[in-house]
Each structure stands twice: as structure tokens, then as C-alpha cells.
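S.K.: Sending over a structure as C-alpha cells; questions will come in a sec.
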Amino acid sequence: MAGGEGTRLRPMTATMPKPLLPVVNRPIMEHVLRLLKRHGIDETVVTVQFLATLVRNYFGDGDELGMALQYASEDVPLGTAGSVKNAEAELRDDAFVVISGDALTDVDLTALVKAHRDQGALVTVALKRVADPVEFGIVITDESGRIDRFLEKPTWGQVFSDTVNTGIYVMEPEVFRHVEAGLAVDWSADVFPKLLADGAPLFGYITDSYWEDVGTHESYVRAQADVLDSRVEVEIDGFQVSPGVWVGEGAEIDPDATLRGPVYVGDYAKVEAGAEVSDYTVLGSNVVVRGGAVVQRSVVHDNVFIGSGATLRGAVVGRGTDVMHGARLDEQVVVGDGCTIEPEAVLSQGVRVYPSKTVEAGAVVQTSVIWESRAHRSLFGARGVSGTVNVEITPELVVRLASAYATTVRKGSVVTVSRDAGRPARALDRAVVSALTASTIEVLDLDVLPTPIARYATARSAAVGGFIVRTAPGDAQSVDILVLDEGGADLSQSARRKLERVFVRQEFRRAFPGEIADATTPARLVESYVQDLVAAVGTTGIAEAGLRVVVDAAAGTAAGVLPAVLGGLGVDALTVGGRLDPDAAAETLAKRMTALERLGGLVASSGAAFGVRFDPTGERLTLVDETGAVVPDDRALLVVTDLVAAERRHGVVALPVTQSRIAEQVAAFHGVSVRWTPTAPEALPQAAALPEVILAGDGRGGYVVPGFSPSFDAVAAFALITGLVARTRLALSQIDGRIPATHVLRRRIRTPWSTKGQVMRAVVEAAAGRQVDTTDGVRVIESDGSWILVLPDPSEAVTHLSAEGPDRGTASDLIDRWSALVEGAAR
């Protein structure tokens, strides 16, 4: 019997029939079929109605189980007896067993059939004594086992026994004479009472075997625990590697992960170092549990991703759901298939989330999410299209993205495609190229290249745009996909919205076989880049100064172009990190600091004027002065501002509003002004395109060289700084020493999307009577020149605070006071 809807088990049964719900990684119905097979019953008719195709597709003809399965379909529900009547043609030759396909049991079917035959019964009902009989049909038998009375799902006032009907029967074909065809008929409510009235031989067989109806979420979770405790005799697919710890084929468990049984880890699941899985947890196949996650007393279906620091306690999570980092699922939470629980979201006790829903980052959900469906706020974030590899960013998604982009441009257009050396980027790069060429787009395949040079190639070629696929900075598990316009800059907001509309609708253009395009590799690209760079920044004074520098390419994409750049500048350089490493982009902070310390030692010992270390994408750099000391990025921005302003003596420096106002003093000393820009990724490049702008920088190692690069370019910035240092004849430490100290503090505060508006309203109200700057967010300026900036993040459930004062104490008091206001308004 496999036709029920299992409504009490929704949302799990919203997209999956109850018989297919897994119990320790096997469908309930598979456990039942294996029970039948163990007792020599290998010819089975399956009655199906709700989501019948899924049941058929999973079990097929039963050959894999060594059984012969046939299916009897119902167009409308026919009830327990009507369903069996519908299969009469296959059952009329001999006695047959009726058993539920969605109840877990190890009942002795051989003994049940024997009792039926010994008693000469028309129907034998398997009975079980339970503590709470009100959800079941109650049965009374006499001393011989003959049934005297039935009562289906009584109230407590009607309970006259604790012996209930399990829905497992042995029947003779003659019973079909008492069931009318084509109507909804129930055994317990309709047929059995009539047979009792007619004096037919109906017998009960009381079993002590395990039987669990699995009709509620609580009983579903309990059934998993009963299997792991060996309370029910079923086959567990895996190996018991230690007492109570079962592991499926191909599963990877890090030695530094914590597993406390009873637990089950499914086939090809992965539990990373620092993760904890314990207390009757069942992990399905291909589940990933990241480091720092805690999973207790939970049932996790196949292909679920559990992010770092996430916590699941007593929860059930459906197939293909992503539980992102820091999220929390409390007791009795049930999440349907294909959901996304965004970072730091909290699902309170008993919440149900129906399939394909998204719970936004930082949200605290206390009521079930049934009808609402929130798609991602935007396909694009601060770093383009970003996400975890094969969780948020899959080859299928990349193909859709590239196909959508191709649909927005003309047939036969040229598009550049580049990547870093990481393995995920290489795989997804191929997906981009395949999708573009299949959509009539000619591809200039730039292969492994620094991001700025890929932008340069796009701007200097006939391309209408480009794709850059790269490992996310500091996270080997994630990738960023940048989509460029014809100038090599990131797509505008309007172009992104157009692309997203096509992506969501999936209205993609396809080419006829003769229209499929090609991918080609351009020649002499790096040589052209170096020639144009040297022409833009100049080499005056470098050779005369006899300058020596130390350059660390960090084994990133800049390693491949540095020899040509250094040769073009004519500078004496000691290079390290020049070997391309596929894992370079995943560098940890500790490794970066160690590398900078090594770089400082080389600079000091070699007598170099300065050192520079590129990031793995070639977009940002870190400076080391001639003493070997690392110059913090925000101080480096002031130093470079001083160098440029001192040489140019006029113009504008573009800086984001988050940076210290000391920059105004530095620039003004040399007759240069500062233009404060928003923090949006496109803001600085747009400002740098203005004719009066002589430098743009973000205070995090990113510099735009106006007149040459459309965006951050660490190689171009290095060339610019080299010439400036050679001509100024001042050491970096001297320039840094003459710039006043800064006292800027920053803080992140978690803010649910739903409260961001009220937070900003509260900030504006609290700022009444003070000077306010709304270039980006709300900057409140105090009478002594101290300021606080409150800035909602565009892609995360976070509010950023920056504060500056004449001393650290003032800045600390300022950020503490406004943090308290933001936190209070966010509740």
C-alpha cells in the first residue's frame, strides 16, 4: 500500500511520497520489500496514487531487490480496501499479504501466514499493543483470537483496548466479493464491520515485533533512532566502524571530526575537521558537514550542505537543502527539499519550511514558512556571482548564467573568458566556454591570467564583454564569477538586471549546428599590456635611481606576467613566489602574515627601497618599507596619495567614504583635493574615469591608475609606485612618518534584512541637530570633527560601522554608542 499522501509529515511529503522517505538512508518501502523477501514473498503488487511516478521510477520492476513488482494505479484515492480491489486481477489465485509501504516493521510474516492458515480465516489482522491507541484502529479479540469488535481512530472516551490494527493483513481472495469496485472503501470502517456482522472468520494475530506507523515527524525521527539502537531488524547499508557508528561507502570523515554514536554517515558524505555529529544523527548520501558545525539528533537527507558553525539539534532537513554558515535549526524544525537557509538565520522550535523556500540571512523565524518564497535578493553580489562550489555555484548554474548572457548580446559577438589556476575555476571556465559557443558567441580564451589583465584584454579587443572565473579570496571552497562589459568593467546595474531576467526565465538562445562558434587564444597579450603600461606610467628616473625592489607574486596569477613587467620597467628586482600554485587563492591569514614577514626580512637584508606582495588575483598589493616593516593598507593609501599628490600638484584623489579624513590634509598640502565616493564596487572605477582624478584607492590594497586601468590593478599600481619612489628620492618610512596618525575603528553588526530600514531610520533620528553626510549610508559628524558612518551591507544581513576621532578613546566611545543604537533598532 503506497498511495497515501502522508499529510501529517509535510513538508517532507510535499515533494516525496511517504513510502520513499528514508529511514537510515533507505526508503521505508524498501525496508518493507526486503522484509517480504526475507519471508519468501517475492511477488508484489504496489498500489500507487500520490506522486506515483516517483515510486515507480525508484523501484522499477523490483529486479534489483530480487523481486517481481507490478503497480496498480488509482486516478482518485480509493481507500484501503478500494486500493486492493483495484489490484484484484493479480491477487485472485491465492491468499495474499496486505502491508503498508510506509510503516517500519519487522513482523514475522511467516508466523502470521501460518496462523492465518491454521485458523482457516478469511482475514487475519496483525495486532500490536501500543501506549497511545487513539491514532489507530482498536481491535478486540476473544480467547481463540477471533475478532469481536473494531473501532477506527477513537477518542479517549471510546478507548476500550490498547490493541491496535497495524494495517498488515493476510486475506483470501474471497474477500473481494465484499468490496465494491471503483468506490472509496476502507477495510476497518466499511468492510470488516460488515464481515463481523455476517459472522465471517476474522482473526487477530498479536505480535511483539517492532511496528512504527511513522505518521508524524516525532515518530519519523524515533524510527531512525530505533534502527540505530537495533530495536528493529532491518539491514543497514554500511559498515559499523565502531560501536554505534555506521559509515557508508566512500564516506570521508576527518580524523579531527567528532562522531559520537549512535550515528549513521551515508555514502560519499563528508564530515570535515572540527565538525560534531552525534546522538542518533543520520546523514544521507553526499552530505557535506563543514568544520565547526554541530549536528545532534537530526535526520539529514541526501545532498545537503551544512556550513561551518551551523547548528542542528533535533531537526529534519530535506534533500538538496543548503544550511549556510552560522545558521541554527532548533528542536523539531523540519525543512523541505531544495531550501536555502542563509547565514546566521535561526529557525525556532517547531518551525516548518516548505520546499524551495529561502530563509534570509540573519532572520529569526518563529512561524512556519509555507506559501512565501523569497528568491535571492540578487544573482550578483559584491564579488559578482559568488558561492560555494557545487552547492551554490554548480556547473548547471554556470551554464545557465553564460547562456543567459549570450542571449543578451548579438549572435557572433566576441566575449573573453579567463580564470585563475584553481581546479574549481578550471572546471567552471569550461562550462562558460561551452555555453557561450553553443549560443553563437565567439570566445577569446585567455586561460590563466590576472584579473586586471583580463579586464585590459576585454577593453582593448573587439569583445562586447567577458567572464572571469576565480577562487574566492581566502576560501578554496568558493568561487567568484565576474561578468564584464565592453570596457572591462563590471556590468552596470541595468545590465545585471537584464541578465537576471533572462536567467530566471531561462529563455536562452541556442545555435543551429552551423552557427556554433569557436574558442581561440589571442597572441602577444601580455607583451601588449606591458607596452601600454610602461607608456602610461613612464620609467623616468628608475634607471638613474638604481632602485632595487623585492616582489612577491604569492604564487598567484601575477607570477606569469611579472618577468615581462619588471623587464619593461628596467628595475632591479628580487622575485619570490613566482611559481603558479592552484591553491594560492585559498591562502589563510596566518600564511599571508608569514609570507609578509619573510618579505620584510628580504627587503631589509637586501637594501631594497621597498617590497610589494600581490594578492592571488593581481588586483591588490601590500607594501613593505625599506626597514622591512609592513605598511598597513590604510596607511599605504595615505603614503601613495602623498607620493602622487606631491608629483602632480593638482587634481583629485578618489577615496571611499570609509577612509580617514587625514587624507584631506595629505592631499591639500600638495594642492590636491579628495572626492569621497560610495563603497559600491563600481564607484571608484567610475570616479577614476573622470579627467581630473589622478588616483583612486580603497584602503584595502586596491588602486586604480587613471588613464590606464578601468579598475583595481596591482601590477599597474606597482609600476606607478616604483616610478614615484625613484623620482622622489624619499624612503617610504619617511613619507609615512610625516603623515599624522589616524584613529579609525570598524565594526560589523548582524542585522536581519527585515529590520535594516528601521535601523537606518533610527540612525537619522538620532543624528538630529548634527551635520549629516549621505554619500553612502549615513555619516554623522560631531562638533569636534569626529564622525561615525553607519552603512547597511548590500548583500549580507550586516550593518557596517566606521568611526574616527582625534584619539583612539574618542573613536572607541563613538562606535560603542552607535553600535548600541543599531543593535537595539535591529531587534
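Numbering starts fresh at 1 for the residues of each chain in the C-alpha cells, the chains themselves are lettered A, B, ... in the order given, and ligands are numbered from 1 as they appear.
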As a PyMOL selection string, please: the residues near stretch 281-296 of chain A (cut-off 6 Å, only C-alpha atoms, same-chain neighbours under 2 positions excluded).

M.R.: chain A and resi 25+263-279+298-313

S.K.: The selected residues should be written to file as a compact mmCIF listing (two decimals), in the first residue's frame (atoms: N, CA, C and O atoms).

M.R.:
# COMPACT_ATOMS: atom_id res chain seq x y z
N ASN A 25 18.79 6.08 5.57
CA ASN A 25 19.27 6.15 4.20
C ASN A 25 18.67 5.12 3.25
O ASN A 25 19.21 4.91 2.16
N VAL A 263 25.25 6.97 15.34
CA VAL A 263 25.12 7.86 14.19
C VAL A 263 25.27 7.03 12.92
O VAL A 263 25.85 5.94 12.95
N TYR A 264 24.77 7.58 11.83
CA TYR A 264 24.94 6.95 10.52
C TYR A 264 25.41 8.03 9.55
O TYR A 264 24.81 9.11 9.45
N VAL A 265 26.47 7.74 8.81
CA VAL A 265 27.02 8.65 7.81
C VAL A 265 26.88 7.97 6.45
O VAL A 265 27.45 6.90 6.23
N GLY A 266 26.12 8.57 5.54
CA GLY A 266 25.77 7.94 4.27
C GLY A 266 26.89 7.88 3.27
O GLY A 266 27.99 8.43 3.46
N ASP A 267 26.62 7.23 2.14
CA ASP A 267 27.60 7.04 1.07
C ASP A 267 28.13 8.39 0.59
O ASP A 267 27.36 9.32 0.30
N TYR A 268 29.45 8.49 0.50
CA TYR A 268 30.14 9.65 -0.07
C TYR A 268 29.84 10.96 0.67
O TYR A 268 30.03 12.04 0.12
N ALA A 269 29.37 10.85 1.90
CA ALA A 269 29.23 12.04 2.73
C ALA A 269 30.62 12.48 3.19
O ALA A 269 31.58 11.71 3.18
N LYS A 270 30.70 13.75 3.62
CA LYS A 270 31.99 14.29 4.06
C LYS A 270 31.79 15.07 5.34
O LYS A 270 30.96 15.99 5.39
N VAL A 271 32.54 14.70 6.38
CA VAL A 271 32.49 15.39 7.67
C VAL A 271 33.88 15.97 7.91
O VAL A 271 34.85 15.23 8.06
N GLU A 272 33.97 17.30 7.94
CA GLU A 272 35.27 17.95 7.99
C GLU A 272 35.79 18.07 9.43
O GLU A 272 35.06 17.88 10.41
N ALA A 273 37.06 18.42 9.53
CA ALA A 273 37.70 18.61 10.84
C ALA A 273 36.97 19.66 11.65
O ALA A 273 36.58 20.71 11.12
N GLY A 274 36.77 19.37 12.93
CA GLY A 274 36.10 20.31 13.81
C GLY A 274 34.60 20.20 13.84
O GLY A 274 33.94 20.84 14.66
N ALA A 275 34.03 19.38 12.94
CA ALA A 275 32.58 19.18 12.95
C ALA A 275 32.22 18.14 14.01
O ALA A 275 33.02 17.28 14.36
N GLU A 276 30.99 18.24 14.51
CA GLU A 276 30.49 17.28 15.51
C GLU A 276 29.18 16.68 15.02
O GLU A 276 28.24 17.41 14.70
N VAL A 277 29.12 15.34 14.95
CA VAL A 277 27.92 14.62 14.56
C VAL A 277 27.65 13.60 15.66
O VAL A 277 28.50 12.76 15.95
N SER A 278 26.45 13.64 16.26
CA SER A 278 26.25 12.80 17.44
C SER A 278 24.77 12.52 17.70
O SER A 278 23.89 13.10 17.04
N ASP A 279 24.53 11.62 18.66
CA ASP A 279 23.22 11.40 19.28
C ASP A 279 22.12 11.08 18.28
O ASP A 279 21.17 11.85 18.11
N SER A 298 19.52 14.64 14.60
CA SER A 298 18.90 15.19 13.39
C SER A 298 18.94 14.18 12.26
O SER A 298 19.81 13.31 12.20
N VAL A 299 17.97 14.32 11.35
CA VAL A 299 17.90 13.48 10.15
C VAL A 299 18.14 14.38 8.95
O VAL A 299 17.37 15.31 8.70
N VAL A 300 19.21 14.11 8.23
CA VAL A 300 19.63 14.96 7.12
C VAL A 300 19.58 14.12 5.84
O VAL A 300 20.30 13.12 5.72
N HIS A 301 18.73 14.49 4.91
CA HIS A 301 18.55 13.72 3.68
C HIS A 301 19.71 13.96 2.71
O HIS A 301 20.64 14.72 2.99
N ASP A 302 19.66 13.33 1.54
CA ASP A 302 20.76 13.34 0.59
C ASP A 302 21.09 14.74 0.09
O ASP A 302 20.21 15.60 -0.04
N ASN A 303 22.38 14.93 -0.26
CA ASN A 303 22.86 16.13 -0.96
C ASN A 303 22.60 17.42 -0.21
O ASN A 303 22.37 18.47 -0.82
N VAL A 304 22.67 17.37 1.09
CA VAL A 304 22.52 18.57 1.92
C VAL A 304 23.90 19.12 2.25
O VAL A 304 24.84 18.37 2.50
N PHE A 305 24.00 20.44 2.25
CA PHE A 305 25.23 21.13 2.64
C PHE A 305 25.00 21.83 3.97
O PHE A 305 24.04 22.59 4.12
N ILE A 306 25.88 21.56 4.94
CA ILE A 306 25.79 22.19 6.26
C ILE A 306 27.06 23.01 6.46
O ILE A 306 28.16 22.47 6.55
N GLY A 307 26.92 24.32 6.50
CA GLY A 307 28.06 25.22 6.52
C GLY A 307 28.77 25.27 7.86
O GLY A 307 28.28 24.77 8.89
N SER A 308 29.93 25.88 7.86
CA SER A 308 30.74 25.99 9.07
C SER A 308 29.98 26.74 10.16
O SER A 308 29.34 27.75 9.91
N GLY A 309 30.06 26.22 11.37
CA GLY A 309 29.42 26.88 12.50
C GLY A 309 27.92 26.73 12.57
O GLY A 309 27.29 27.27 13.49
N ALA A 310 27.32 26.02 11.64
CA ALA A 310 25.87 25.80 11.70
C ALA A 310 25.55 24.81 12.82
O ALA A 310 26.37 23.97 13.18
N THR A 311 24.34 24.92 13.37
CA THR A 311 23.91 24.05 14.47
C THR A 311 22.55 23.47 14.15
O THR A 311 21.60 24.21 13.89
N LEU A 312 22.45 22.14 14.19
CA LEU A 312 21.18 21.43 14.00
C LEU A 312 20.97 20.55 15.22
O LEU A 312 21.81 19.68 15.52
N ARG A 313 19.87 20.75 15.91
CA ARG A 313 19.55 19.92 17.07
C ARG A 313 18.10 19.45 16.95
O ARG A 313 17.18 20.25 17.03

S.K.: Tell me which protein, DNA and RNA residues are within 8 Å of stretch 594-611 of chain A, counting only C-alpha atoms, leaving out same-chain ones fewer than 4 positions away, and put them as a PyMOL selection string.

M.R.: chain A and resi 547-552+590+623-630+731-732

S.K.: I need the residues from that last selection saved to file as a compact mmCIF listing (two decimals), in the first residue's frame (with C-alpha atoms), if you can.

M.R.:
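To be explicit, this is the file written out as again36.txt:
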# COMPACT_ATOMS: atom_id res chain seq x y z
CA LEU A 547 66.31 51.23 -7.49
CA ARG A 548 66.08 47.72 -6.08
CA VAL A 549 62.76 46.18 -5.07
CA VAL A 550 61.60 42.83 -3.75
CA VAL A 551 58.43 41.46 -5.36
CA ASP A 552 56.35 38.53 -4.05
CA ALA A 590 48.34 33.10 9.01
CA LEU A 623 53.69 47.44 0.73
CA VAL A 624 56.75 46.81 2.88
CA ASP A 625 59.01 49.79 3.61
CA GLU A 626 62.79 49.85 3.37
CA THR A 627 63.16 48.77 7.03
CA GLY A 628 61.17 45.58 6.38
CA ALA A 629 58.05 46.82 8.18
CA VAL A 630 54.67 46.06 6.63
CA ALA A 731 62.07 56.42 1.72
CA LEU A 732 58.56 55.07 2.35

S.K.: Excluding same-chain residues fewer than 2 positions from A:Gly350, what lies within 10 Å of it counting only C-alpha atoms, as a VMD selection string?

M.R.: chain A and resid 314 to 315 329 to 334 347 to 348 352 to 353 366 to 368

S.K.: Find the residue from A:Thr416, A:Thr358, A:Ser386, A:Thr13 that sits nearest to A:Ala472; use only C-alpha atoms when measuring.

M.R.: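 Answer, going by the shortest atom-to-atom distance: A:Ser386.
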
S.K.: Using only C-alpha atoms, which protein or nucleic acid residues come within 7 Å of A:Met171? Drop anything in the same chain fewer than 4 positions from it, and give the result as a list in words.

M.R.: Ala95, Phe96, Val97, Leu122, Val123, Thr124 and Val175 of chain A

S.K.: Take the residues just selected and output them with N, CA, C and O atoms as a compact mmCIF listing (two decimals), in the first residue's frame.

M.R.:
# COMPACT_ATOMS: atom_id res chain seq x y z
N ALA A 95 -4.10 -16.91 -1.29
CA ALA A 95 -4.04 -15.98 -0.17
C ALA A 95 -2.91 -14.98 -0.40
O ALA A 95 -1.89 -15.31 -1.01
N PHE A 96 -3.10 -13.76 0.10
CA PHE A 96 -2.11 -12.72 -0.12
C PHE A 96 -1.96 -11.88 1.16
O PHE A 96 -2.86 -11.82 2.00
N VAL A 97 -0.79 -11.25 1.26
CA VAL A 97 -0.50 -10.35 2.38
C VAL A 97 -0.74 -8.92 1.93
O VAL A 97 -0.33 -8.53 0.83
N LEU A 122 -10.75 -16.03 6.90
CA LEU A 122 -10.93 -15.25 5.69
C LEU A 122 -9.94 -14.08 5.69
O LEU A 122 -9.32 -13.76 4.67
N VAL A 123 -9.81 -13.44 6.87
CA VAL A 123 -8.88 -12.32 7.04
C VAL A 123 -8.19 -12.49 8.39
O VAL A 123 -8.86 -12.79 9.40
N THR A 124 -6.88 -12.32 8.41
CA THR A 124 -6.14 -12.27 9.67
C THR A 124 -5.47 -10.90 9.76
O THR A 124 -4.81 -10.45 8.81
N VAL A 175 -12.47 -12.38 -0.19
CA VAL A 175 -12.81 -11.11 0.45
C VAL A 175 -13.22 -10.06 -0.57
O VAL A 175 -13.96 -9.11 -0.26

S.K.: Select, from A:Val464, A:Val84, A:Ile206, A:Leu745, the residue with the minimum atom-to-atom distance to A:Thr810, counting only C-alpha atoms.

M.R.: A:Leu745

S.K.: Run DSSP on the backbone and give me the residues of stretch 613-759 of chain A it puts in strand (DSSP E or B), as a ChimeraX atom specification.

M.R.: /A:613-614,620-624,630-631,652-656,673-677,693-697,702-704,744-750

S.K.: Residues of stretch 43-134 of chain A within 10 Å of stretch 15-23 of chain A: nearest atom pair and distance (Å, one decimal) for each, counting only C-alpha atoms, sorted by chain and number, as a tab-separated table?

M.R.:
residue	atom	partner	partner_atom	distance
A:Val48	CA	A:Pro17	CA	9.6
A:Gln49	CA	A:Pro17	CA	9.4
A:Phe50	CA	A:Pro17	CA	6.6
A:Leu51	CA	A:Pro17	CA	6.0
A:Ala52	CA	A:Pro17	CA	7.8
A:Thr53	CA	A:Pro17	CA	9.8
A:Leu54	CA	A:Met16	CA	7.6
A:Val55	CA	A:Leu20	CA	7.1
A:Tyr58	CA	A:Leu20	CA	8.4
A:Phe59	CA	A:Leu20	CA	9.9
A:Ser100	CA	A:Pro19	CA	8.7
A:Gly101	CA	A:Pro19	CA	5.5
A:Asp102	CA	A:Pro19	CA	4.4
A:Ala103	CA	A:Pro19	CA	8.0
A:Leu104	CA	A:Val23	CA	8.6

S.K.: Can you write just those residues out, N, CA and C atoms, as an mmCIF file, in the first residue's frame?

M.R.:
data_model
loop_
_atom_site.group_PDB
_atom_site.id
_atom_site.type_symbol
_atom_site.label_atom_id
_atom_site.label_comp_id
_atom_site.auth_asym_id
_atom_site.auth_seq_id
_atom_site.Cartn_x
_atom_site.Cartn_y
_atom_site.Cartn_z
ATOM 1 N N VAL A 48 -0.498 2.553 -5.994
ATOM 2 C CA VAL A 48 0.062 3.903 -6.012
ATOM 3 C C VAL A 48 -0.994 4.902 -6.445
ATOM 4 N N GLN A 49 -0.859 6.133 -5.899
ATOM 5 C CA GLN A 49 -1.744 7.211 -6.317
ATOM 6 C C GLN A 49 -1.033 8.558 -6.223
ATOM 7 N N PHE A 50 -0.617 8.978 -5.013
ATOM 8 C CA PHE A 50 0.052 10.264 -4.822
ATOM 9 C C PHE A 50 1.516 10.160 -5.258
ATOM 10 N N LEU A 51 1.927 11.026 -6.208
ATOM 11 C CA LEU A 51 3.293 11.027 -6.730
ATOM 12 C C LEU A 51 3.723 9.617 -7.149
ATOM 13 N N ALA A 52 2.820 8.939 -7.851
ATOM 14 C CA ALA A 52 3.040 7.540 -8.209
ATOM 15 C C ALA A 52 4.280 7.337 -9.069
ATOM 16 N N THR A 53 4.576 8.291 -9.954
ATOM 17 C CA THR A 53 5.721 8.136 -10.853
ATOM 18 C C THR A 53 7.025 8.015 -10.081
ATOM 19 N N LEU A 54 7.129 8.750 -8.971
ATOM 20 C CA LEU A 54 8.360 8.689 -8.185
ATOM 21 C C LEU A 54 8.573 7.292 -7.611
ATOM 22 N N VAL A 55 7.495 6.661 -7.153
ATOM 23 C CA VAL A 55 7.611 5.307 -6.610
ATOM 24 C C VAL A 55 8.017 4.338 -7.712
ATOM 25 N N TYR A 58 11.687 4.759 -8.786
ATOM 26 C CA TYR A 58 12.681 4.311 -7.811
ATOM 27 C C TYR A 58 12.818 2.796 -7.804
ATOM 28 N N PHE A 59 11.694 2.088 -7.750
ATOM 29 C CA PHE A 59 11.754 0.636 -7.575
ATOM 30 C C PHE A 59 11.713 -0.144 -8.886
ATOM 31 N N SER A 100 1.493 -2.188 4.679
ATOM 32 C CA SER A 100 1.708 -0.779 4.383
ATOM 33 C C SER A 100 3.126 -0.552 3.892
ATOM 34 N N GLY A 101 3.255 0.258 2.853
ATOM 35 C CA GLY A 101 4.577 0.597 2.334
ATOM 36 C C GLY A 101 5.213 1.758 3.045
ATOM 37 N N ASP A 102 4.529 2.315 4.051
ATOM 38 C CA ASP A 102 5.086 3.479 4.742
ATOM 39 C C ASP A 102 5.092 3.314 6.258
ATOM 40 N N ALA A 103 5.109 2.061 6.729
ATOM 41 C CA ALA A 103 5.270 1.782 8.157
ATOM 42 C C ALA A 103 6.486 0.880 8.319
ATOM 43 N N LEU A 104 7.279 1.150 9.335
ATOM 44 C CA LEU A 104 8.503 0.378 9.557
ATOM 45 C C LEU A 104 8.204 -0.777 10.512
#

S.K.: Taking the chain letters and numbering used in this document, name the residues of stretch 658-797 of chain A that DSSP puts in alpha helix (DSSP H), as a ChimeraX atom specification.

M.R.: /A:662-669,683-688,714-728,732-737,756-766

S.K.: Might you pull out every residue within 9 Å of A:Ala511, with only C-alpha atoms counted and same-chain residues fewer than 5 positions away left off, and present them as number ranges by chain?

M.R.: A: 411, 437-440, 516-517

S.K.: Would you mind telling me which residue in A:Pro262, A:Gly560, A:Gly785, A:Pro616 lies nearest to A:Pro473 when using only C-alpha atoms?

M.R.: A:Pro616

S.K.: Report as a VMD selection string all protein, DNA and RNA residues lying within 12 Å of stretch 489-500 of chain A, evaluated on only C-alpha atoms, omitting residues in the same chain fewer than 4 positions from it.

M.R.: chain A and resid 375 to 385 400 to 409 451 to 459 464 to 468 481 to 485 504 to 508 680 to 686 688 to 689 704 709 to 713

S.K.: Between atom CA of A:Ala726 and atom CA of A:Val565, measure the distance and give it in Å to one decimal.

M.R.: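 Answer for the atom CA of A:Ala726 to atom CA of A:Val565 separation: 16.4 Å.
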
S.K.: Determine the nearest neighbour of A:Met12 from the options A:Arg661, A:His217, A:Arg460, A:Arg426, counting only C-alpha atoms.

M.R.: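 Closest to A:Met12, using only C-alpha atoms: A:His217.
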
S.K.: Nearest to A:Val164 among A:Ala558, A:Leu127, A:Val45, A:Val179, with distances taken over only C-alpha atoms: which residue is it?

M.R.: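 When distances to A:Val164 are compared using only C-alpha atoms, the smallest one comes from A:Leu127.
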
S.K.: Restricting the calculation to only C-alpha atoms: of A:Glu64, A:Glu90, A:Asp106, A:Asp118, which residue gets closest to A:Pro173?

M.R.: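 Using only C-alpha atoms, the shortest distance to A:Pro173 belongs to A:Glu90.
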